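Working notes for the structure below.
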Amino acid sequence: MNKKIGAGVLTSVMALGVLAGCGGGSTGDQKDAQGGAGKTTELRFYTFGTEGNYNWKKTIAAYEEKNPGIKINLIGLSEKGDTQEALKKLDLAAASGEAMDVLMFSDAASYAQRVALGMVAPIDDYINKDGYKVNDEYKVDTKLNGKYYALPGKFNPWYVLLNKNMLDAAGLKVPTDWTWDDFMDYAKKMTQGEGANKVYGTYFHGPQNGGWLDYAKLAMENQPENPEFIKADGSSNMDSPLFKKSLEIRVKMEKEDKSATPYADMLSQKLNYRTQFFNQKAAMIVTGSWMNTELGGTDQVPLNFNVAVAPFPKNNASDPSGYATVTTDYMSVAAASQHKDEAYKFIRWMTTDGQLVQGKNVPSWSKVKQEDLGKIIETILSATKNPEKVDKASLVSVLSNAKSSAIVPPVSYQAEVYKAVNEEFEKLILGKQDIDTTVKASQERVNSIIASNKK
């Protein structure tokens with residue numbers, strides 16, 4: 001992957017080298033089934049996911065019932081579902097030679113990094129034997145360096161949440177397929193009032209402090225390939241005309257149309273996207289569908305209006321629709337597993353029928369029927385305070401038509417890139433430099449970061 005490995009996982013590299021030399025680690029605390037009748041094969045499943053978020057007891061019981069002779073030993077790595085804590089414990093477990101069979105990662109960066117460390121087994125042979133194509137079977141592409149090391153679990157694409165009452169008042173329809181130009185037009189039409197009572201057409205929650213960089217590349221994120229600042233081949237993508245377009249969208253909406261909450265207000269008032277939307281200070285927000293569990297309102301943030309959902313906007317009307325940033329769970333077979341066949345069979349089930357049994361998330365599995373998707377969404381919304389205020393049909397439509405861009409293996413110096421782009425964006429949005437200067441400075445800084453990190 002031509003990248004430096006982060007210091008935090010260097011100990012794992014050394015330890016994994018030792019493990020590889022002694023045949024893949026200890027199996028002393030793992031029951032082994034080498035074909036004998038009545039024997040049980042224990043699969044050790046390491047996850048950051050909590051019982052509350054993933055319904056493990058019910059899901060695992062269903063799998064064990066269907067597969068006699070298999071026992072799933074769930075190893076929860078964080079009671080809070082804290083992914084950073086979970087990764088530290090996972091690396092420690094790998095370094096100390098614990099038996100591992102199934103690994104679950106929460107994001108592309110931690111998945112790609114553990115693949116680079118040799119912790120994860122490729123599963124292409126199993127996929128070929130089963131006779132399916134991952135891109136046909138799932139909505140998320142998990143391929144890294146030409147191979148598959150994971151199957152995707154949940155499916156959380158970015159989308160647009162809209163205040164349906166404000167839409168109706170402005171005489172606007174819920175969009176089913178739209179462009180950034182349409183989005184800007186909607187925002188202008190729904191902006192109203194002045195001063196402290198002003199309602200903005202939209203609110204962008206970033207970038208800030210090197211995070212939420214999605215809001216600096218809005219026009220890049222609806223592409224099938226290379227939606228990031230760094231391309232899949234490791235070169236800079238800052239010369240993409242879509243980066244410049246992303247900046248133009250932000251400047252036009254805030255400075256010319258005055259339809260987006262000022263960036264300076266977001267920083268100085270420490271604004272949050274949830275409260276800006278639910279307190280009706282913004283008519284629309286572009287955000288991720290982790291918000292599904294909050295759409296009908298919660299105790300902390302009640303819902304006092306009707307909500308509709310629209311797909312992530314396209315750049316041109318003729319572009320394919322549905323592409324957006326997507327987050328998923330990466331379900332993998334551990335390289336050190338002594339039971340790779342059984343581990344693969346489990347992750348295949350977990351990312352297909354198991355998602356339906358779990359009933360906690362929208363699945364990446366393409367074969368989910370519309371009525372099943374509707375039931376899952378109904379279950380998710382029923383846990384909120386006012387599910388009846390959510391336009392369920394628009395939500396189902398967006399989620400069933402969404403798809404993810406090809407995964408770009410994250411680089412170990414991603415944080416440096418984000419910080420540089422964030423700083424240049426702030427100079428632009430706070431009026432200290434123009435768009436062309438911002439693009440040029442961003443290109444130069446990112447190229448310099450790439451060069452200094454090359455071996």
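So you can find residues: chains in the structure tokens are A, B, ... in the order shown, residues in each start at 1, and ligands are numbered from 1 in order.
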
Exercise: Glu426 (chain A) partners within 10 Å, only C-alpha atoms, chain neighbours under 4 positions left out, as an MDAnalysis selection string: chainID A and resid 207:208 263:264 421:422 430:433 438

Could you write out that same residue set with N, CA, C and O atoms as a PDB file, in the first residue's frame?
ATOM      1  N   PRO A 207     -15.773  21.535   7.544  1.00  0.00           N
ATOM      2  CA  PRO A 207     -14.804  20.797   8.356  1.00  0.00           C
ATOM      3  C   PRO A 207     -14.461  21.577   9.622  1.00  0.00           C
ATOM      4  O   PRO A 207     -14.683  22.778   9.684  1.00  0.00           O
ATOM      5  N   GLN A 208     -13.937  20.877  10.606  1.00  0.00           N
ATOM      6  CA  GLN A 208     -13.502  21.553  11.831  1.00  0.00           C
ATOM      7  C   GLN A 208     -12.477  20.698  12.554  1.00  0.00           C
ATOM      8  O   GLN A 208     -12.654  19.500  12.698  1.00  0.00           O
ATOM      9  N   TYR A 263     -19.960  29.749   8.695  1.00  0.00           N
ATOM     10  CA  TYR A 263     -18.945  28.872   9.284  1.00  0.00           C
ATOM     11  C   TYR A 263     -18.438  29.455  10.605  1.00  0.00           C
ATOM     12  O   TYR A 263     -18.238  28.725  11.585  1.00  0.00           O
ATOM     13  N   ALA A 264     -18.253  30.779  10.625  1.00  0.00           N
ATOM     14  CA  ALA A 264     -17.743  31.436  11.846  1.00  0.00           C
ATOM     15  C   ALA A 264     -18.714  31.233  13.007  1.00  0.00           C
ATOM     16  O   ALA A 264     -18.289  31.053  14.154  1.00  0.00           O
ATOM     17  N   VAL A 421      -6.001  20.572   4.530  1.00  0.00           N
ATOM     18  CA  VAL A 421      -7.166  21.004   3.743  1.00  0.00           C
ATOM     19  C   VAL A 421      -8.089  21.867   4.616  1.00  0.00           C
ATOM     20  O   VAL A 421      -8.623  22.887   4.164  1.00  0.00           O
ATOM     21  N   ASN A 422      -8.270  21.466   5.858  1.00  0.00           N
ATOM     22  CA  ASN A 422      -9.102  22.223   6.798  1.00  0.00           C
ATOM     23  C   ASN A 422      -8.582  23.651   6.956  1.00  0.00           C
ATOM     24  O   ASN A 422      -9.341  24.630   6.907  1.00  0.00           O
ATOM     25  N   LEU A 430     -13.286  32.230   5.709  1.00  0.00           N
ATOM     26  CA  LEU A 430     -13.200  33.396   6.598  1.00  0.00           C
ATOM     27  C   LEU A 430     -12.685  34.635   5.865  1.00  0.00           C
ATOM     28  O   LEU A 430     -12.338  35.650   6.480  1.00  0.00           O
ATOM     29  N   GLY A 431     -12.614  34.528   4.510  1.00  0.00           N
ATOM     30  CA  GLY A 431     -12.323  35.711   3.686  1.00  0.00           C
ATOM     31  C   GLY A 431     -10.865  36.106   3.568  1.00  0.00           C
ATOM     32  O   GLY A 431     -10.546  37.229   3.176  1.00  0.00           O
ATOM     33  N   LYS A 432      -9.951  35.178   3.859  1.00  0.00           N
ATOM     34  CA  LYS A 432      -8.524  35.532   3.820  1.00  0.00           C
ATOM     35  C   LYS A 432      -7.849  35.163   2.499  1.00  0.00           C
ATOM     36  O   LYS A 432      -6.732  35.573   2.237  1.00  0.00           O
ATOM     37  N   GLN A 433      -8.505  34.324   1.675  1.00  0.00           N
ATOM     38  CA  GLN A 433      -7.960  34.014   0.348  1.00  0.00           C
ATOM     39  C   GLN A 433      -9.100  33.570  -0.568  1.00  0.00           C
ATOM     40  O   GLN A 433     -10.168  33.183  -0.100  1.00  0.00           O
ATOM     41  N   THR A 438      -6.877  28.912  -2.760  1.00  0.00           N
ATOM     42  CA  THR A 438      -7.153  27.795  -1.848  1.00  0.00           C
ATOM     43  C   THR A 438      -6.862  26.459  -2.521  1.00  0.00           C
ATOM     44  O   THR A 438      -6.236  25.569  -1.929  1.00  0.00           O
TER      45      THR A 438
END

Strand (DSSP E or B) per DSSP on the backbone: members of region 257-416 of chain A, as a PyMOL selection string: chain A and resi 260+282-288+307-310+314+323-324+326-327+330-334+363+365+390+403-404

Closest of A:Asn73, A:Thr325, A:Ser337, A:Asn165 to Ala108 (chain A) - atom-to-atom distances counting only C-alpha atoms: A:Thr325

Neighbour list for Ile429 (chain A) as a list in words, cut-off 8 Å, only C-alpha atoms, skip fewer than 4 positions in-chain: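 Once the adjacent positions are removed, what remains is Arg250, Val251, Tyr263 and Phe425 of chain A.
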
For Tyr418 (chain A), the nearest of the candidates A:Leu271, A:Leu295, A:Val446, A:Ala170, counting only C-alpha atoms: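 Residue with the minimum atom-to-atom distance to Tyr418 (chain A): A:Val446.
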
Top pick for closest residue to Gly49 (chain A), considering A:Lys231, A:Lys360, A:Lys340, A:Lys252 and counting only C-alpha atoms: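 Using only C-alpha atoms, the shortest distance to Gly49 (chain A) belongs to A:Lys360.
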
Long-range neighbours of Lys143 (chain A) as a list in words, 12 Å cut-off, only C-alpha atoms, 5 positions minimum in chain: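 So the residues in contact are Ala108, Tyr111, Ala112, Val115, Pro122, Ile123, Asp124, Lys133, Val134, Asn135, Tyr138, Tyr148, Tyr149, Ala150, Leu151, Pro152, Ala232, Tyr330, Ser405, Ala406, Ile407, Val408 and Pro409 of chain A.
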
Using C-alpha atoms, can you export the residues from the last selection as an mmCIF file, in the first residue's frame?
data_model
loop_
_atom_site.group_PDB
_atom_site.id
_atom_site.type_symbol
_atom_site.label_atom_id
_atom_site.label_comp_id
_atom_site.auth_asym_id
_atom_site.auth_seq_id
_atom_site.Cartn_x
_atom_site.Cartn_y
_atom_site.Cartn_z
ATOM 1 C CA ALA A 108 -12.282 1.650 6.154
ATOM 2 C CA TYR A 111 -9.877 -2.349 8.157
ATOM 3 C CA ALA A 112 -7.206 -1.347 5.611
ATOM 4 C CA VAL A 115 -5.067 -5.912 6.296
ATOM 5 C CA PRO A 122 -8.218 -12.862 1.902
ATOM 6 C CA ILE A 123 -11.566 -14.515 1.123
ATOM 7 C CA ASP A 124 -11.586 -14.439 -2.707
ATOM 8 C CA LYS A 133 -19.807 -11.184 -7.360
ATOM 9 C CA VAL A 134 -19.404 -8.916 -4.329
ATOM 10 C CA ASN A 135 -20.505 -5.845 -6.301
ATOM 11 C CA TYR A 138 -23.558 -6.026 -1.729
ATOM 12 C CA TYR A 148 -11.416 -9.054 -0.777
ATOM 13 C CA TYR A 149 -10.672 -9.263 2.945
ATOM 14 C CA ALA A 150 -14.163 -8.502 4.275
ATOM 15 C CA LEU A 151 -17.875 -8.621 3.560
ATOM 16 C CA PRO A 152 -19.926 -5.529 4.506
ATOM 17 C CA ALA A 232 -6.589 4.867 -4.844
ATOM 18 C CA TYR A 330 -16.248 -4.860 7.776
ATOM 19 C CA SER A 405 -18.079 4.543 -4.127
ATOM 20 C CA ALA A 406 -15.136 2.174 -4.560
ATOM 21 C CA ILE A 407 -13.132 2.039 -1.334
ATOM 22 C CA VAL A 408 -9.945 4.110 -1.349
ATOM 23 C CA PRO A 409 -7.408 2.482 1.004
#

Residue nearest Pro313 (chain A) among A:Phe346, A:Trp158, A:Trp56, A:Phe278 (counting only C-alpha atoms):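 Distance minimum relative to Pro313 (chain A) lands on A:Trp158.
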
Selection: 12 Å around region 171-173 of chain A, only C-alpha atoms, excl. self and same-chain fewer than 3 positions, as a PyMOL selection string: chain A and resi 162-168+176-178+182-183+185-190+283+308-310+394

From A:Lys454, A:Lys385, A:Lys314, A:Lys419, residue lying nearest Asn209 (chain A) [only C-alpha atoms]: A:Lys419

Of the listed residues A:Ile230, A:Leu247, A:Leu74, A:Pro224, that which approaches Lys57 (chain A) most closely, counting only C-alpha atoms: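 Selected residue with least distance to Lys57 (chain A): A:Leu74.
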
Nearby residues (only C-alpha atoms) at most 12 Å from region 387-391 of chain A, same-chain spacing under 3 positions excluded, as a PyMOL selection string: chain A and resi 161-165+174+292-298+302-310+374+377-384+394-398

Now that the selection is made, can you save its residues with N, CA, C and O atoms as a CSV table (one decimal), in the first residue's frame?
chain,number,residue,atom,x,y,z
A,161,LEU,N,-31.6,15.3,5.1
A,161,LEU,CA,-32.8,15.4,5.9
A,161,LEU,C,-33.4,16.8,5.6
A,161,LEU,O,-32.8,17.8,5.6
A,162,LEU,N,-34.8,16.7,5.5
A,162,LEU,CA,-35.5,18.0,5.2
A,162,LEU,C,-36.6,18.2,6.2
A,162,LEU,O,-37.3,17.2,6.6
A,163,ASN,N,-36.8,19.4,6.5
A,163,ASN,CA,-38.0,19.8,7.3
A,163,ASN,C,-39.2,19.9,6.4
A,163,ASN,O,-39.3,20.8,5.5
A,164,LYS,N,-40.1,18.9,6.4
A,164,LYS,CA,-41.2,18.8,5.5
A,164,LYS,C,-42.1,20.0,5.6
A,164,LYS,O,-42.7,20.4,4.6
A,165,ASN,N,-42.3,20.5,6.8
A,165,ASN,CA,-43.2,21.7,7.0
A,165,ASN,C,-42.7,22.9,6.2
A,165,ASN,O,-43.4,23.6,5.6
A,174,VAL,N,-40.6,16.9,-2.2
A,174,VAL,CA,-39.5,16.1,-1.6
A,174,VAL,C,-38.7,15.6,-2.8
A,174,VAL,O,-39.2,14.9,-3.7
A,292,ASN,N,-30.8,7.6,11.3
A,292,ASN,CA,-32.1,6.8,11.3
A,292,ASN,C,-32.7,6.6,12.6
A,292,ASN,O,-33.9,6.7,12.8
A,293,THR,N,-31.8,6.3,13.6
A,293,THR,CA,-32.3,5.9,15.0
A,293,THR,C,-32.8,7.2,15.7
A,293,THR,O,-33.4,7.0,16.8
A,294,GLU,N,-32.6,8.4,15.2
A,294,GLU,CA,-33.0,9.6,15.9
A,294,GLU,C,-34.1,10.4,15.1
A,294,GLU,O,-34.6,11.4,15.5
A,295,LEU,N,-34.4,9.9,13.9
A,295,LEU,CA,-35.3,10.7,13.0
A,295,LEU,C,-36.6,11.1,13.6
A,295,LEU,O,-37.1,12.2,13.3
A,296,GLY,N,-37.2,10.2,14.4
A,296,GLY,CA,-38.5,10.5,15.0
A,296,GLY,C,-38.4,11.2,16.3
A,296,GLY,O,-39.4,11.4,17.0
A,297,GLY,N,-37.2,11.7,16.6
A,297,GLY,CA,-37.0,12.5,17.8
A,297,GLY,C,-36.6,11.6,19.0
A,297,GLY,O,-37.0,10.4,19.1
A,298,THR,N,-35.9,12.1,20.0
A,298,THR,CA,-35.5,11.4,21.2
A,298,THR,C,-35.8,12.3,22.4
A,298,THR,O,-36.3,13.4,22.3
A,302,PRO,N,-36.3,16.4,20.9
A,302,PRO,CA,-37.6,16.1,20.4
A,302,PRO,C,-37.9,16.5,19.0
A,302,PRO,O,-37.2,17.4,18.5
A,303,LEU,N,-38.8,15.9,18.3
A,303,LEU,CA,-39.2,16.3,17.0
A,303,LEU,C,-40.6,16.9,17.0
A,303,LEU,O,-41.6,16.3,17.4
A,304,ASN,N,-40.7,18.2,16.5
A,304,ASN,CA,-41.9,18.9,16.5
A,304,ASN,C,-42.4,19.3,15.1
A,304,ASN,O,-43.1,20.3,14.9
A,305,PHE,N,-41.9,18.6,14.1
A,305,PHE,CA,-42.3,18.9,12.7
A,305,PHE,C,-42.2,17.6,11.9
A,305,PHE,O,-41.7,16.6,12.5
A,306,ASN,N,-42.6,17.6,10.7
A,306,ASN,CA,-42.5,16.4,9.8
A,306,ASN,C,-41.1,16.4,9.1
A,306,ASN,O,-40.6,17.4,8.6
A,307,VAL,N,-40.5,15.2,9.0
A,307,VAL,CA,-39.2,15.0,8.4
A,307,VAL,C,-39.4,14.2,7.1
A,307,VAL,O,-40.1,13.2,7.0
A,308,ALA,N,-38.6,14.6,6.0
A,308,ALA,CA,-38.5,13.8,4.8
A,308,ALA,C,-37.1,13.6,4.5
A,308,ALA,O,-36.2,14.3,5.1
A,309,VAL,N,-36.8,12.7,3.6
A,309,VAL,CA,-35.4,12.3,3.3
A,309,VAL,C,-35.2,12.4,1.8
A,309,VAL,O,-36.1,11.9,1.0
A,310,ALA,N,-34.1,12.9,1.4
A,310,ALA,CA,-33.7,13.0,-0.1
A,310,ALA,C,-32.3,12.4,-0.3
A,310,ALA,O,-31.5,12.4,0.6
A,374,GLY,N,-38.4,-2.2,4.5
A,374,GLY,CA,-39.5,-1.5,5.1
A,374,GLY,C,-39.7,-1.9,6.6
A,374,GLY,O,-39.8,-1.0,7.5
A,377,ILE,N,-36.7,-0.7,8.8
A,377,ILE,CA,-36.8,0.8,9.0
A,377,ILE,C,-37.9,1.0,10.0
A,377,ILE,O,-37.8,1.9,10.9
A,378,GLU,N,-39.0,0.3,9.9
A,378,GLU,CA,-40.2,0.5,10.8
A,378,GLU,C,-39.7,0.2,12.3
A,378,GLU,O,-40.0,0.9,13.2
A,379,THR,N,-38.9,-0.9,12.4
A,379,THR,CA,-38.4,-1.3,13.7
A,379,THR,C,-37.5,-0.2,14.3
A,379,THR,O,-37.6,0.1,15.5
A,380,ILE,N,-36.6,0.3,13.4
A,380,ILE,CA,-35.7,1.3,13.9
A,380,ILE,C,-36.5,2.6,14.3
A,380,ILE,O,-36.2,3.2,15.4
A,381,LEU,N,-37.4,3.0,13.5
A,381,LEU,CA,-38.2,4.2,13.8
A,381,LEU,C,-39.1,4.0,15.0
A,381,LEU,O,-39.3,5.0,15.7
A,382,SER,N,-39.6,2.8,15.2
A,382,SER,CA,-40.5,2.6,16.3
A,382,SER,C,-39.8,2.8,17.7
A,382,SER,O,-40.5,3.0,18.7
A,383,ALA,N,-38.5,2.8,17.7
A,383,ALA,CA,-37.8,3.1,19.0
A,383,ALA,C,-37.7,4.6,19.2
A,383,ALA,O,-37.2,5.0,20.3
A,384,THR,N,-38.1,5.5,18.3
A,384,THR,CA,-38.1,6.9,18.5
A,384,THR,C,-39.4,7.4,19.0
A,384,THR,O,-40.4,6.7,19.1
A,394,SER,N,-40.0,8.0,1.7
A,394,SER,CA,-38.9,8.7,1.2
A,394,SER,C,-37.6,8.1,1.8
A,394,SER,O,-36.6,8.0,1.1
A,395,LEU,N,-37.6,7.7,3.0
A,395,LEU,CA,-36.4,7.1,3.7
A,395,LEU,C,-36.1,5.8,3.0
A,395,LEU,O,-35.0,5.5,2.6
A,396,VAL,N,-37.2,4.9,2.8
A,396,VAL,CA,-37.0,3.6,2.2
A,396,VAL,C,-36.4,3.8,0.8
A,396,VAL,O,-35.5,3.1,0.3
A,397,SER,N,-37.0,4.7,0.0
A,397,SER,CA,-36.6,5.0,-1.4
A,397,SER,C,-35.1,5.4,-1.4
A,397,SER,O,-34.3,4.8,-2.2
A,398,VAL,N,-34.7,6.3,-0.6
A,398,VAL,CA,-33.3,6.7,-0.6
A,398,VAL,C,-32.3,5.6,-0.2
A,398,VAL,O,-31.3,5.3,-0.9

Which of region 230-335 of chain A fall in helix (DSSP H, G or I), as a PyMOL selection string: chain A and resi 241-256+263-268+273-278+289-294

Surrounding residues of Asp136 (chain A) excluding itself and chain neighbours under 2 positions, 12 Å, only C-alpha atoms, as an NGL selection string: :A and (131-134 or 138-141 or 364-367 or 403)

Point-to-point distance from CA of Ala324 (chain A) to CA of Pro311 (chain A), Å rounded to tenths: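 Going from CA of Ala324 (chain A) over to CA of Pro311 (chain A), I get 8.5 Å.
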
Two-atom distance - CA of Asp239 (chain A), CA of Ile449 (chain A) (Å):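 For CA of Asp239 (chain A) relative to CA of Ile449 (chain A), the distance reads 15.1 Å.
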
Atomic distance CA of Tyr63 (chain A) - CA of Met350 (chain A), expressed in Å with one decimal: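 Result for CA of Tyr63 (chain A) versus CA of Met350 (chain A): 8.6 Å, one decimal.
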